[in-house]
Structures are given as C-alpha cells and as structure tokens.
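Undergrad: What follows is entry-v1.tsv, TSV, N, CA and C atoms.
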chain	number	residue	atom	x	y	z
A	1	MET	N	-4.24	-43.64	-124.68
A	1	MET	CA	-3.48	-42.95	-123.66
A	1	MET	C	-3.79	-43.61	-122.32
A	2	SER	N	-2.75	-43.89	-121.55
A	2	SER	CA	-2.94	-44.52	-120.25
A	2	SER	C	-3.58	-43.53	-119.28
A	3	ASN	N	-4.18	-44.07	-118.22
A	3	ASN	CA	-4.80	-43.22	-117.21
A	3	ASN	C	-3.77	-42.30	-116.55
A	4	ALA	N	-2.56	-42.83	-116.29
A	4	ALA	CA	-1.51	-42.02	-115.66
A	4	ALA	C	-1.09	-40.88	-116.59
A	5	ALA	N	-0.96	-41.17	-117.87
A	5	ALA	CA	-0.59	-40.12	-118.84
A	5	ALA	C	-1.68	-39.07	-118.95
A	6	MET	N	-2.94	-39.53	-118.92
A	6	MET	CA	-4.06	-38.59	-119.00
A	6	MET	C	-4.10	-37.69	-117.77
A	7	GLN	N	-3.85	-38.25	-116.58
A	7	GLN	CA	-3.86	-37.45	-115.36
A	7	GLN	C	-2.71	-36.45	-115.35
A	8	ALA	N	-1.54	-36.84	-115.88
A	8	ALA	CA	-0.41	-35.92	-115.97
A	8	ALA	C	-0.72	-34.77	-116.91
A	9	GLU	N	-1.37	-35.08	-118.03
A	9	GLU	CA	-1.75	-34.04	-118.98
A	9	GLU	C	-2.75	-33.07	-118.35
A	10	LEU	N	-3.72	-33.59	-117.62
A	10	LEU	CA	-4.73	-32.75	-116.97
A	10	LEU	C	-4.13	-31.86	-115.89
A	11	ALA	N	-3.11	-32.34	-115.20
A	11	ALA	CA	-2.49	-31.56	-114.13
A	11	ALA	C	-1.90	-30.26	-114.65
A	12	ALA	N	-1.46	-30.26	-115.91
A	12	ALA	CA	-0.84	-29.08	-116.50
A	12	ALA	C	-1.85	-28.10	-117.10
A	13	VAL	N	-3.12	-28.46	-117.11
A	13	VAL	CA	-4.15	-27.65	-117.76
A	13	VAL	C	-4.79	-26.69	-116.77
A	14	GLN	N	-5.01	-25.46	-117.20
A	14	GLN	CA	-5.70	-24.46	-116.38
A	14	GLN	C	-7.21	-24.71	-116.43
A	15	THR	N	-7.89	-24.40	-115.35
A	15	THR	CA	-9.34	-24.53	-115.32
A	15	THR	C	-9.99	-23.18	-115.63
A	16	VAL	N	-11.24	-23.23	-116.09
A	16	VAL	CA	-12.00	-22.01	-116.34
A	16	VAL	C	-12.89	-21.75	-115.11
A	17	PRO	N	-13.30	-20.50	-114.91
A	17	PRO	CA	-14.12	-20.18	-113.73
A	17	PRO	C	-15.52	-20.78	-113.84
A	18	VAL	N	-16.06	-21.20	-112.69
A	18	VAL	CA	-17.41	-21.76	-112.69
A	18	VAL	C	-18.48	-20.67	-112.62
A	19	ASN	N	-18.10	-19.46	-112.30
A	19	ASN	CA	-19.03	-18.33	-112.29
A	19	ASN	C	-18.35	-17.16	-113.00
A	20	GLY	N	-18.18	-17.29	-114.29
A	20	GLY	CA	-17.48	-16.28	-115.09
A	20	GLY	C	-17.81	-16.46	-116.55
A	21	GLU	N	-16.80	-16.30	-117.40
A	21	GLU	CA	-17.01	-16.51	-118.83
A	21	GLU	C	-15.68	-16.84	-119.50
A	22	PHE	N	-15.78	-17.42	-120.68
A	22	PHE	CA	-14.61	-17.71	-121.49
A	22	PHE	C	-15.03	-17.62	-122.96
A	23	LYS	N	-14.06	-17.58	-123.86
A	23	LYS	CA	-14.33	-17.47	-125.29
A	23	LYS	C	-13.84	-18.71	-126.02
A	24	VAL	N	-14.56	-19.05	-127.08
A	24	VAL	CA	-14.17	-20.12	-127.99
A	24	VAL	C	-14.35	-19.63	-129.41
A	25	ASP	N	-13.66	-20.25	-130.34
A	25	ASP	CA	-13.83	-19.97	-131.76
A	25	ASP	C	-13.79	-18.47	-132.06
A	26	GLY	N	-12.76	-17.82	-131.56
A	26	GLY	CA	-12.62	-16.37	-131.78
A	26	GLY	C	-13.31	-15.58	-130.70
A	27	ASP	N	-14.53	-15.11	-130.99
A	27	ASP	CA	-15.21	-14.22	-130.03
A	27	ASP	C	-16.54	-14.75	-129.52
A	28	ASN	N	-16.77	-16.07	-129.60
A	28	ASN	CA	-17.99	-16.65	-129.04
A	28	ASN	C	-17.85	-16.70	-127.52
A	29	VAL	N	-18.73	-16.00	-126.81
A	29	VAL	CA	-18.67	-15.91	-125.35
A	29	VAL	C	-19.60	-16.95	-124.73
A	30	ILE	N	-19.06	-17.68	-123.76
A	30	ILE	CA	-19.86	-18.62	-122.98
A	30	ILE	C	-19.74	-18.20	-121.52
A	31	LYS	N	-20.89	-17.91	-120.92
A	31	LYS	CA	-20.93	-17.54	-119.50
A	31	LYS	C	-21.25	-18.79	-118.69
A	32	THR	N	-20.62	-18.88	-117.53
A	32	THR	CA	-20.86	-20.02	-116.65
A	32	THR	C	-21.49	-19.55	-115.34
A	33	SER	N	-22.39	-20.36	-114.84
A	33	SER	CA	-23.02	-20.09	-113.55
A	33	SER	C	-23.38	-21.42	-112.91
A	34	GLN	N	-23.68	-21.39	-111.62
A	34	GLN	CA	-23.98	-22.63	-110.92
A	34	GLN	C	-25.22	-22.49	-110.05
A	35	ARG	N	-25.85	-23.65	-109.83
A	35	ARG	CA	-26.90	-23.78	-108.83
A	35	ARG	C	-26.66	-25.08	-108.09
A	36	GLN	N	-27.11	-25.14	-106.86
A	36	GLN	CA	-26.86	-26.32	-106.03
A	36	GLN	C	-27.71	-27.51	-106.46
A	37	ILE	N	-27.09	-28.68	-106.34
A	37	ILE	CA	-27.78	-29.97	-106.52
A	37	ILE	C	-27.33	-30.87	-105.37
A	38	ASP	N	-27.57	-32.16	-105.52
A	38	ASP	CA	-27.22	-33.14	-104.49
A	38	ASP	C	-25.74	-33.09	-104.14
A	39	HIS	N	-25.45	-33.13	-102.85
A	39	HIS	CA	-24.07	-33.14	-102.37
A	39	HIS	C	-23.30	-34.31	-103.01
A	40	GLY	N	-22.07	-34.04	-103.44
A	40	GLY	CA	-21.22	-35.09	-103.99
A	40	GLY	C	-21.51	-35.48	-105.42
A	41	HIS	N	-22.39	-34.73	-106.08
A	41	HIS	CA	-22.71	-35.01	-107.49
A	41	HIS	C	-22.32	-33.82	-108.36
A	42	VAL	N	-22.14	-34.12	-109.64
A	42	VAL	CA	-21.78	-33.12	-110.65
A	42	VAL	C	-22.81	-33.20	-111.78
A	43	GLN	N	-23.23	-32.04	-112.25
A	43	GLN	CA	-24.17	-31.98	-113.37
A	43	GLN	C	-23.81	-30.77	-114.22
A	44	PHE	N	-23.98	-30.91	-115.53
A	44	PHE	CA	-23.76	-29.80	-116.45
A	44	PHE	C	-25.03	-29.51	-117.20
A	45	SER	N	-25.16	-28.27	-117.67
A	45	SER	CA	-26.27	-27.91	-118.54
A	45	SER	C	-25.77	-26.93	-119.59
A	46	LEU	N	-26.47	-26.90	-120.71
A	46	LEU	CA	-26.15	-26.00	-121.82
A	46	LEU	C	-27.39	-25.24	-122.20
A	47	SER	N	-27.22	-23.94	-122.41
A	47	SER	CA	-28.30	-23.11	-122.94
A	47	SER	C	-27.70	-22.16	-123.96
A	48	ALA	N	-28.56	-21.63	-124.82
A	48	ALA	CA	-28.10	-20.71	-125.86
A	48	ALA	C	-29.02	-19.49	-125.89
A	49	ASP	N	-28.43	-18.34	-126.15
A	49	ASP	CA	-29.19	-17.10	-126.26
A	49	ASP	C	-30.26	-17.23	-127.35
A	50	ARG	N	-31.33	-16.49	-127.21
A	50	ARG	CA	-32.46	-16.58	-128.16
A	50	ARG	C	-32.08	-16.19	-129.58
A	51	ARG	N	-30.99	-15.44	-129.75
A	51	ARG	CA	-30.57	-15.02	-131.10
A	51	ARG	C	-29.79	-16.11	-131.84
A	52	ILE	N	-29.46	-17.19	-131.16
A	52	ILE	CA	-28.66	-18.26	-131.76
A	52	ILE	C	-29.58	-19.34	-132.32
A	53	SER	N	-29.35	-19.69	-133.58
A	53	SER	CA	-30.21	-20.70	-134.19
A	53	SER	C	-29.47	-21.97	-134.60
A	54	TRP	N	-28.18	-21.89	-134.83
A	54	TRP	CA	-27.44	-23.07	-135.26
A	54	TRP	C	-27.19	-24.01	-134.10
A	55	TRP	N	-26.84	-25.26	-134.44
A	55	TRP	CA	-26.57	-26.31	-133.46
A	55	TRP	C	-25.35	-25.95	-132.62
A	56	LYS	N	-25.46	-26.14	-131.31
A	56	LYS	CA	-24.37	-26.00	-130.36
A	56	LYS	C	-24.40	-27.23	-129.46
A	57	GLY	N	-23.25	-27.60	-128.91
A	57	GLY	CA	-23.23	-28.76	-128.04
A	57	GLY	C	-22.01	-28.75	-127.14
A	58	ILE	N	-22.12	-29.49	-126.04
A	58	ILE	CA	-20.97	-29.75	-125.18
A	58	ILE	C	-20.89	-31.25	-124.94
A	59	LYS	N	-19.65	-31.73	-124.79
A	59	LYS	CA	-19.40	-33.12	-124.44
A	59	LYS	C	-18.64	-33.13	-123.12
A	60	VAL	N	-19.10	-33.95	-122.18
A	60	VAL	CA	-18.48	-34.06	-120.86
A	60	VAL	C	-17.79	-35.42	-120.78
A	61	PHE	N	-16.56	-35.43	-120.23
A	61	PHE	CA	-15.76	-36.64	-120.17
A	61	PHE	C	-15.42	-37.00	-118.73
A	62	ASN	N	-15.41	-38.32	-118.44
A	62	ASN	CA	-15.06	-38.78	-117.09
A	62	ASN	C	-13.54	-38.92	-116.95
A	63	ALA	N	-13.09	-39.44	-115.81
A	63	ALA	CA	-11.65	-39.55	-115.52
A	63	ALA	C	-10.94	-40.52	-116.46
A	64	ARG	N	-11.68	-41.45	-117.06
A	64	ARG	CA	-11.07	-42.40	-118.00
A	64	ARG	C	-11.04	-41.88	-119.43
A	65	GLY	N	-11.53	-40.65	-119.63
A	65	GLY	CA	-11.55	-40.08	-120.97
A	65	GLY	C	-12.75	-40.50	-121.79
A	66	GLU	N	-13.74	-41.12	-121.16
A	66	GLU	CA	-14.94	-41.55	-121.85
A	66	GLU	C	-15.97	-40.42	-121.85
A	67	MET	N	-16.59	-40.19	-123.00
A	67	MET	CA	-17.66	-39.20	-123.06
A	67	MET	C	-18.86	-39.76	-122.29
A	68	VAL	N	-19.32	-39.01	-121.30
A	68	VAL	CA	-20.45	-39.47	-120.49
A	68	VAL	C	-21.72	-38.68	-120.77
A	69	SER	N	-21.59	-37.56	-121.49
A	69	SER	CA	-22.78	-36.77	-121.79
A	69	SER	C	-22.54	-35.89	-123.00
A	70	LEU	N	-23.56	-35.81	-123.85
A	70	LEU	CA	-23.60	-34.87	-124.98
A	70	LEU	C	-24.86	-34.04	-124.81
A	71	LEU	N	-24.69	-32.72	-124.68
A	71	LEU	CA	-25.83	-31.82	-124.50
A	71	LEU	C	-25.92	-30.89	-125.70
A	72	PRO	N	-26.98	-31.01	-126.52
A	72	PRO	CA	-27.13	-30.14	-127.70
A	72	PRO	C	-28.24	-29.11	-127.55
A	73	THR	N	-28.09	-28.01	-128.26
A	73	THR	CA	-29.19	-27.06	-128.46
A	73	THR	C	-29.24	-26.76	-129.95
A	74	GLN	N	-30.43	-26.41	-130.45
A	74	GLN	CA	-30.56	-26.04	-131.86
A	74	GLN	C	-31.89	-25.33	-132.07
A	75	ASP	N	-31.84	-24.30	-132.90
A	75	ASP	CA	-33.02	-23.55	-133.31
A	75	ASP	C	-33.85	-23.13	-132.10
A	76	GLU	N	-35.11	-23.53	-132.04
A	76	GLU	CA	-36.00	-23.11	-130.95
A	76	GLU	C	-35.71	-23.84	-129.64
A	77	SER	N	-34.98	-24.94	-129.70
A	77	SER	CA	-34.64	-25.70	-128.50
A	77	SER	C	-33.32	-25.17	-127.94
A	78	ARG	N	-33.40	-24.12	-127.12
A	78	ARG	CA	-32.21	-23.43	-126.62
A	78	ARG	C	-31.83	-23.83	-125.20
A	79	GLY	N	-32.57	-24.75	-124.63
A	79	GLY	CA	-32.22	-25.22	-123.30
A	79	GLY	C	-32.76	-24.33	-122.20
A	80	PRO	N	-32.31	-24.56	-120.99
A	80	PRO	CA	-31.17	-25.42	-120.67
A	80	PRO	C	-31.48	-26.91	-120.80
A	81	VAL	N	-30.46	-27.62	-121.28
A	81	VAL	CA	-30.49	-29.08	-121.39
A	81	VAL	C	-29.55	-29.60	-120.31
A	82	ASP	N	-30.06	-30.47	-119.44
A	82	ASP	CA	-29.26	-30.97	-118.32
A	82	ASP	C	-28.69	-32.35	-118.59
A	83	SER	N	-27.46	-32.56	-118.13
A	83	SER	CA	-26.87	-33.90	-118.13
A	83	SER	C	-27.46	-34.68	-116.97
A	84	PRO	N	-27.23	-35.98	-116.95
A	84	PRO	CA	-27.55	-36.72	-115.72
A	84	PRO	C	-26.67	-36.19	-114.58
A	85	LYS	N	-27.03	-36.52	-113.36
A	85	LYS	CA	-26.17	-36.20	-112.21
A	85	LYS	C	-25.18	-37.36	-112.05
A	86	PHE	N	-23.90	-37.01	-111.97
A	86	PHE	CA	-22.85	-38.01	-111.84
A	86	PHE	C	-22.19	-37.90	-110.48
A	87	PRO	N	-21.81	-39.02	-109.86
A	87	PRO	CA	-21.01	-38.92	-108.64
A	87	PRO	C	-19.70	-38.20	-108.96
A	88	ALA	N	-19.30	-37.27	-108.10
A	88	ALA	CA	-18.07	-36.51	-108.34
A	88	ALA	C	-16.86	-37.43	-108.46
A	89	GLY	N	-16.92	-38.60	-107.84
A	89	GLY	CA	-15.83	-39.56	-107.91
A	89	GLY	C	-15.59	-40.12	-109.30
A	90	ASN	N	-16.52	-39.90	-110.23
A	90	ASN	CA	-16.33	-40.36	-111.61
A	90	ASN	C	-15.29	-39.52	-112.35
A	91	PHE	N	-14.90	-38.39	-111.75
A	91	PHE	CA	-13.99	-37.46	-112.41
A	91	PHE	C	-12.70	-37.38	-111.60
A	92	GLY	N	-11.62	-37.00	-112.26
A	92	GLY	CA	-10.37	-36.74	-111.55
A	92	GLY	C	-10.44	-35.37	-110.90
A	93	ASP	N	-9.30	-34.71	-110.79
A	93	ASP	CA	-9.26	-33.36	-110.21
A	93	ASP	C	-9.93	-32.34	-111.11
A	94	LYS	N	-9.94	-32.62	-112.42
A	94	LYS	CA	-10.51	-31.68	-113.40
A	94	LYS	C	-11.46	-32.42	-114.32
A	95	ILE	N	-12.48	-31.70	-114.76
A	95	ILE	CA	-13.48	-32.27	-115.66
A	95	ILE	C	-13.30	-31.66	-117.04
A	96	LYS	N	-13.08	-32.52	-118.02
A	96	LYS	CA	-12.90	-32.07	-119.40
A	96	LYS	C	-14.26	-31.88	-120.07
A	97	VAL	N	-14.44	-30.70	-120.70
A	97	VAL	CA	-15.65	-30.40	-121.43
A	97	VAL	C	-15.25	-29.85	-122.81
A	98	GLU	N	-15.71	-30.51	-123.86
A	98	GLU	CA	-15.47	-30.02	-125.22
A	98	GLU	C	-16.64	-29.16	-125.65
A	99	ILE	N	-16.34	-28.08	-126.36
A	99	ILE	CA	-17.34	-27.14	-126.86
A	99	ILE	C	-17.46	-27.34	-128.37
A	100	TRP	N	-18.68	-27.59	-128.84
A	100	TRP	CA	-18.92	-27.91	-130.25
A	100	TRP	C	-19.94	-26.95	-130.85
A	101	LYS	N	-19.84	-26.73	-132.16
A	101	LYS	CA	-20.86	-25.96	-132.86
A	101	LYS	C	-20.91	-26.40	-134.32
A	102	ALA	N	-22.04	-26.13	-134.96
A	102	ALA	CA	-22.17	-26.39	-136.39
A	102	ALA	C	-21.47	-25.26	-137.13
A	103	LYS	N	-20.62	-25.64	-138.06
A	103	LYS	CA	-19.90	-24.65	-138.85
A	103	LYS	C	-20.29	-24.81	-140.32
A	104	PHE	N	-19.38	-24.61	-141.22
A	104	PHE	CA	-19.64	-24.65	-142.65
A	104	PHE	C	-20.39	-25.92	-143.04
A	105	LEU	N	-21.48	-25.75	-143.76
A	105	LEU	CA	-22.36	-26.84	-144.20
A	105	LEU	C	-22.95	-27.63	-143.03
A	106	GLY	N	-22.99	-27.03	-141.86
A	106	GLY	CA	-23.61	-27.67	-140.70
A	106	GLY	C	-22.76	-28.75	-140.05
A	107	VAL	N	-21.48	-28.84	-140.43
A	107	VAL	CA	-20.61	-29.87	-139.86
A	107	VAL	C	-20.33	-29.54	-138.38
A	108	HIS	N	-20.62	-30.51	-137.50
A	108	HIS	CA	-20.38	-30.34	-136.07
A	108	HIS	C	-18.88	-30.39	-135.83
A	109	THR	N	-18.34	-29.30	-135.24
A	109	THR	CA	-16.91	-29.11	-135.10
A	109	THR	C	-16.56	-28.73	-133.67
A	110	CYS	N	-15.53	-29.35	-133.13
A	110	CYS	CA	-15.04	-28.98	-131.79
A	110	CYS	C	-14.30	-27.65	-131.92
A	111	VAL	N	-14.74	-26.64	-131.17
A	111	VAL	CA	-14.14	-25.30	-131.25
A	111	VAL	C	-13.39	-24.92	-129.97
A	112	GLY	N	-13.36	-25.82	-129.01
A	112	GLY	CA	-12.62	-25.54	-127.78
A	112	GLY	C	-12.75	-26.66	-126.78
A	113	THR	N	-11.78	-26.73	-125.91
A	113	THR	CA	-11.80	-27.68	-124.80
A	113	THR	C	-11.48	-26.89	-123.54
A	114	VAL	N	-12.32	-27.05	-122.53
A	114	VAL	CA	-12.11	-26.36	-121.26
A	114	VAL	C	-12.12	-27.40	-120.15
A	115	TYR	N	-11.58	-27.00	-119.00
A	115	TYR	CA	-11.52	-27.88	-117.84
A	115	TYR	C	-12.08	-27.13	-116.64
A	116	PHE	N	-12.88	-27.84	-115.86
A	116	PHE	CA	-13.44	-27.30	-114.63
A	116	PHE	C	-12.88	-28.07	-113.44
A	117	SER	N	-12.67	-27.40	-112.34
A	117	SER	CA	-12.24	-28.05	-111.11
A	117	SER	C	-13.39	-28.91	-110.59
A	118	THR	N	-13.10	-30.18	-110.36
A	118	THR	CA	-14.13	-31.08	-109.84
A	118	THR	C	-14.61	-30.60	-108.48
A	119	ASP	N	-13.70	-30.14	-107.63
A	119	ASP	CA	-14.09	-29.64	-106.31
A	119	ASP	C	-15.10	-28.49	-106.43
A	120	GLU	N	-14.89	-27.59	-107.38
A	120	GLU	CA	-15.81	-26.46	-107.56
A	120	GLU	C	-17.14	-26.88	-108.17
A	121	CYS	N	-17.14	-27.99	-108.90
A	121	CYS	CA	-18.38	-28.46	-109.54
A	121	CYS	C	-19.18	-29.40	-108.65
A	122	SER	N	-18.53	-30.02	-107.68
A	122	SER	CA	-19.21	-31.00	-106.83
A	122	SER	C	-20.34	-30.32	-106.06
A	123	GLY	N	-21.52	-30.94	-106.13
A	123	GLY	CA	-22.70	-30.39	-105.47
A	123	GLY	C	-23.39	-29.30	-106.26
A	124	HIS	N	-23.01	-29.16	-107.54
A	124	HIS	CA	-23.57	-28.09	-108.37
A	124	HIS	C	-23.93	-28.55	-109.79
A	125	ASN	N	-24.91	-27.87	-110.34
A	125	ASN	CA	-25.16	-27.89	-111.78
A	125	ASN	C	-24.39	-26.70	-112.32
A	126	THR	N	-23.47	-26.95	-113.24
A	126	THR	CA	-22.70	-25.88	-113.88
A	126	THR	C	-23.29	-25.64	-115.25
A	127	ASN	N	-23.87	-24.46	-115.43
A	127	ASN	CA	-24.52	-24.10	-116.70
A	127	ASN	C	-23.55	-23.35	-117.59
A	128	LEU	N	-23.47	-23.76	-118.84
A	128	LEU	CA	-22.72	-23.04	-119.88
A	128	LEU	C	-23.76	-22.37	-120.76
A	129	ALA	N	-23.77	-21.06	-120.77
A	129	ALA	CA	-24.77	-20.28	-121.52
A	129	ALA	C	-24.07	-19.59	-122.69
A	130	TRP	N	-24.33	-20.10	-123.90
A	130	TRP	CA	-23.72	-19.57	-125.13
A	130	TRP	C	-24.39	-18.23	-125.45
A	131	GLN	N	-23.58	-17.16	-125.53
A	131	GLN	CA	-24.11	-15.81	-125.62
A	131	GLN	C	-24.23	-15.25	-127.04
A	132	ASN	N	-23.32	-15.63	-127.93
A	132	ASN	CA	-23.33	-15.06	-129.28
A	132	ASN	C	-22.72	-16.06	-130.25
A	133	ASP	N	-22.91	-15.77	-131.55
A	133	ASP	CA	-22.39	-16.66	-132.58
A	133	ASP	C	-21.68	-15.85	-133.64
Show this structure as structure tokens.
TA:
Amino acid sequence: MSNAAMQAELAAVQTVPVNGEFKVDGDNVIKTSQRQIDHGHVQFSLSADRRISWWKGIKVFNARGEMVSLLPTQDESRGPVDSPKFPAGNFGDKIKVEIWKAKFLGVHTCVGTVYFSTDECSGHNTNLAWQND
C-alpha cells in the first residue's frame, strides 16, 4: 500500500481516547491513561491486571506502516512494559496500535486495531492497561 493510500485510509478512522477505555475481542476492557515524558516524543506501555495470566501484546506502527514496537505481557510479567521513546514526527496524524492476545492453543491473534491521535500522544507515555480476559 502506498503512503498516500495509507494516509487516506487513516484519515477515515476514528481515534480512541487517551484517558478512557475501549473493548476488544467481545468484552475485554483496556483502559488508557497517560503520563508526561519528553516534549515531542511518543511512548506506549502495556500492563495487565493481576488476574490475567495468558500472553497479551500490542504492536505500534509508524507512518510508513512499519511495526516499531512489540510490547508483551505474560503470566507473572504483567508490566508495565515500555516502548522506546519515538519522535512524534515518526507518525502521521494517527498512530496505529494492534491489540494481540493468546487464544486457542496459545496462538497469538490480533483481536483489534485502534488509532490514537498523535497530537494527544506527543509528550506522553500512553499506557494500555488490560483489565479482564
């Protein structure tokens, strides 16, 4: 997919709140919150509630559609797991984040794709906290 086609597709996509919650895979709730980091940078983190034991992960993509970070949690390692800090300029207007979890036989499966406003994420660590399974 060309960069222009990818940007056109992203323009039509709604963003999720940076301080709210959304659902994936039926009724799995993920709460989002932020804390400040270096001005002009973007960072993501993933954490999972203590009751969750199976593998969970998020993938973060840059403006070219390249995966720039994979953040996993599993069993006792519930995070938060932080991505590197990226210059906000690495992303277009929206940041694509895929939500993954282990499903039948432990197969890692994408269960949702969400988009965050780059402007709202710039200068912040955006934490995705998986609440239930």
Undergrad: With distances taken over only N, CA and C atoms, which residue among A:Val81, A:Ile95, A:Leu46, A:Ile37 lies nearest A:His124?
TA: A:Ile37
Undergrad: Work out how far atom CA of A:Phe116 is from atom CA of A:Ser53, in Å to one decimal.
TA: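 A separation of 26.6 Å between them.
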Undergrad: Distance atom CA of A:Ser33-atom CA of A:Arg51, one decimal place?
TA: 19.8 Å
Undergrad: Residues near A:Ser45, anyone? I mean within 6.5 Å using only N, CA and C atoms, not counting same-chain ones fewer than 6 positions away, as a PyMOL selection string.
TA: chain A and resi 80-83+125-129
Undergrad: Got a sec: who's within 5 Å of A:Val97, counting all atoms listed in the file, leaving out chain neighbours fewer than 4 positions off, as a ChimeraX atom specification?
TA: /A:59-60,113-115
Undergrad: Could you dump the residues just selected with N, CA and C atoms as a CSV table (one decimal), in the coordinates of the input?
TA:
chain,number,residue,atom,x,y,z
A,59,LYS,N,-19.6,-31.7,-124.8
A,59,LYS,CA,-19.4,-33.1,-124.4
A,59,LYS,C,-18.6,-33.1,-123.1
A,60,VAL,N,-19.1,-34.0,-122.2
A,60,VAL,CA,-18.5,-34.1,-120.9
A,60,VAL,C,-17.8,-35.4,-120.8
A,113,THR,N,-11.8,-26.7,-125.9
A,113,THR,CA,-11.8,-27.7,-124.8
A,113,THR,C,-11.5,-26.9,-123.5
A,114,VAL,N,-12.3,-27.0,-122.5
A,114,VAL,CA,-12.1,-26.4,-121.3
A,114,VAL,C,-12.1,-27.4,-120.2
A,115,TYR,N,-11.6,-27.0,-119.0
A,115,TYR,CA,-11.5,-27.9,-117.8
A,115,TYR,C,-12.1,-27.1,-116.6
Undergrad: What is the atom CA of A:Phe91 to atom CA of A:Arg35 distance in Å?
TA: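 If I compute the distance from atom CA of A:Phe91 to atom CA of A:Arg35, I get 19.1 Å.
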Undergrad: Please, which residues of stretch 51-119 of chain A, numbered as in this document, come out strand (DSSP E or B) from DSSP, as a PyMOL selection string?
TA: chain A and resi 56-61+67-74+77+81-82+86-87+94-102+108-117
Undergrad: Near A:Glu76, within 8 Å and counting only N, CA and C atoms, which residues show up once chain neighbours fewer than 5 positions away are dropped, as a list in words?
TA: Arg50, Ile52, Ser53 and Trp54 of chain A
Undergrad: I need the residue nearest A:Asp93 from this list: A:Leu70, A:Val111, A:Ala63, A:Leu105. Use only N, CA and C atoms for the distance.
TA: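 With only N, CA and C atoms as the atom set, the closest residue is A:Ala63.
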Undergrad: Select, counting all atoms listed in the file, all protein, DNA and RNA residues no farther than 5 Å from (-26.6, -18.0, -126.4) in file coordinates, and express the selection as a list in words.
TA: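 Returned residue set, sorted by chain then number, is Ser47, Ala48, Asp49, Ala129, Trp130, Gln131 and Asn132 of chain A.
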Undergrad: What residues have an atom no more than 7 Å from (-9.9, -23.6, -113.0) in the file's own frame, counting only C-alpha atoms, and can you write them as a PyMOL selection string?
TA: chain A and resi 14-17+115-117
Undergrad: Need the axis-aligned box for stretch 33-40 of chain A with 4 Å each side, so what are the centre and edges in Å to one decimal, as JSON?
TA:
{"center_x": -24.5, "center_y": -27.8, "center_z": -108.6, "size_x": 14.6, "size_y": 23.4, "size_z": 20.5}
Undergrad: As a list in words, please: the residues near A:Ala88 (cut-off 6.5 Å, all atoms listed in the file, same-chain neighbours under 6 positions excluded).
TA: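 Once the adjacent positions are removed, what remains is Gly40, His41, Val42 and Ser122 of chain A.
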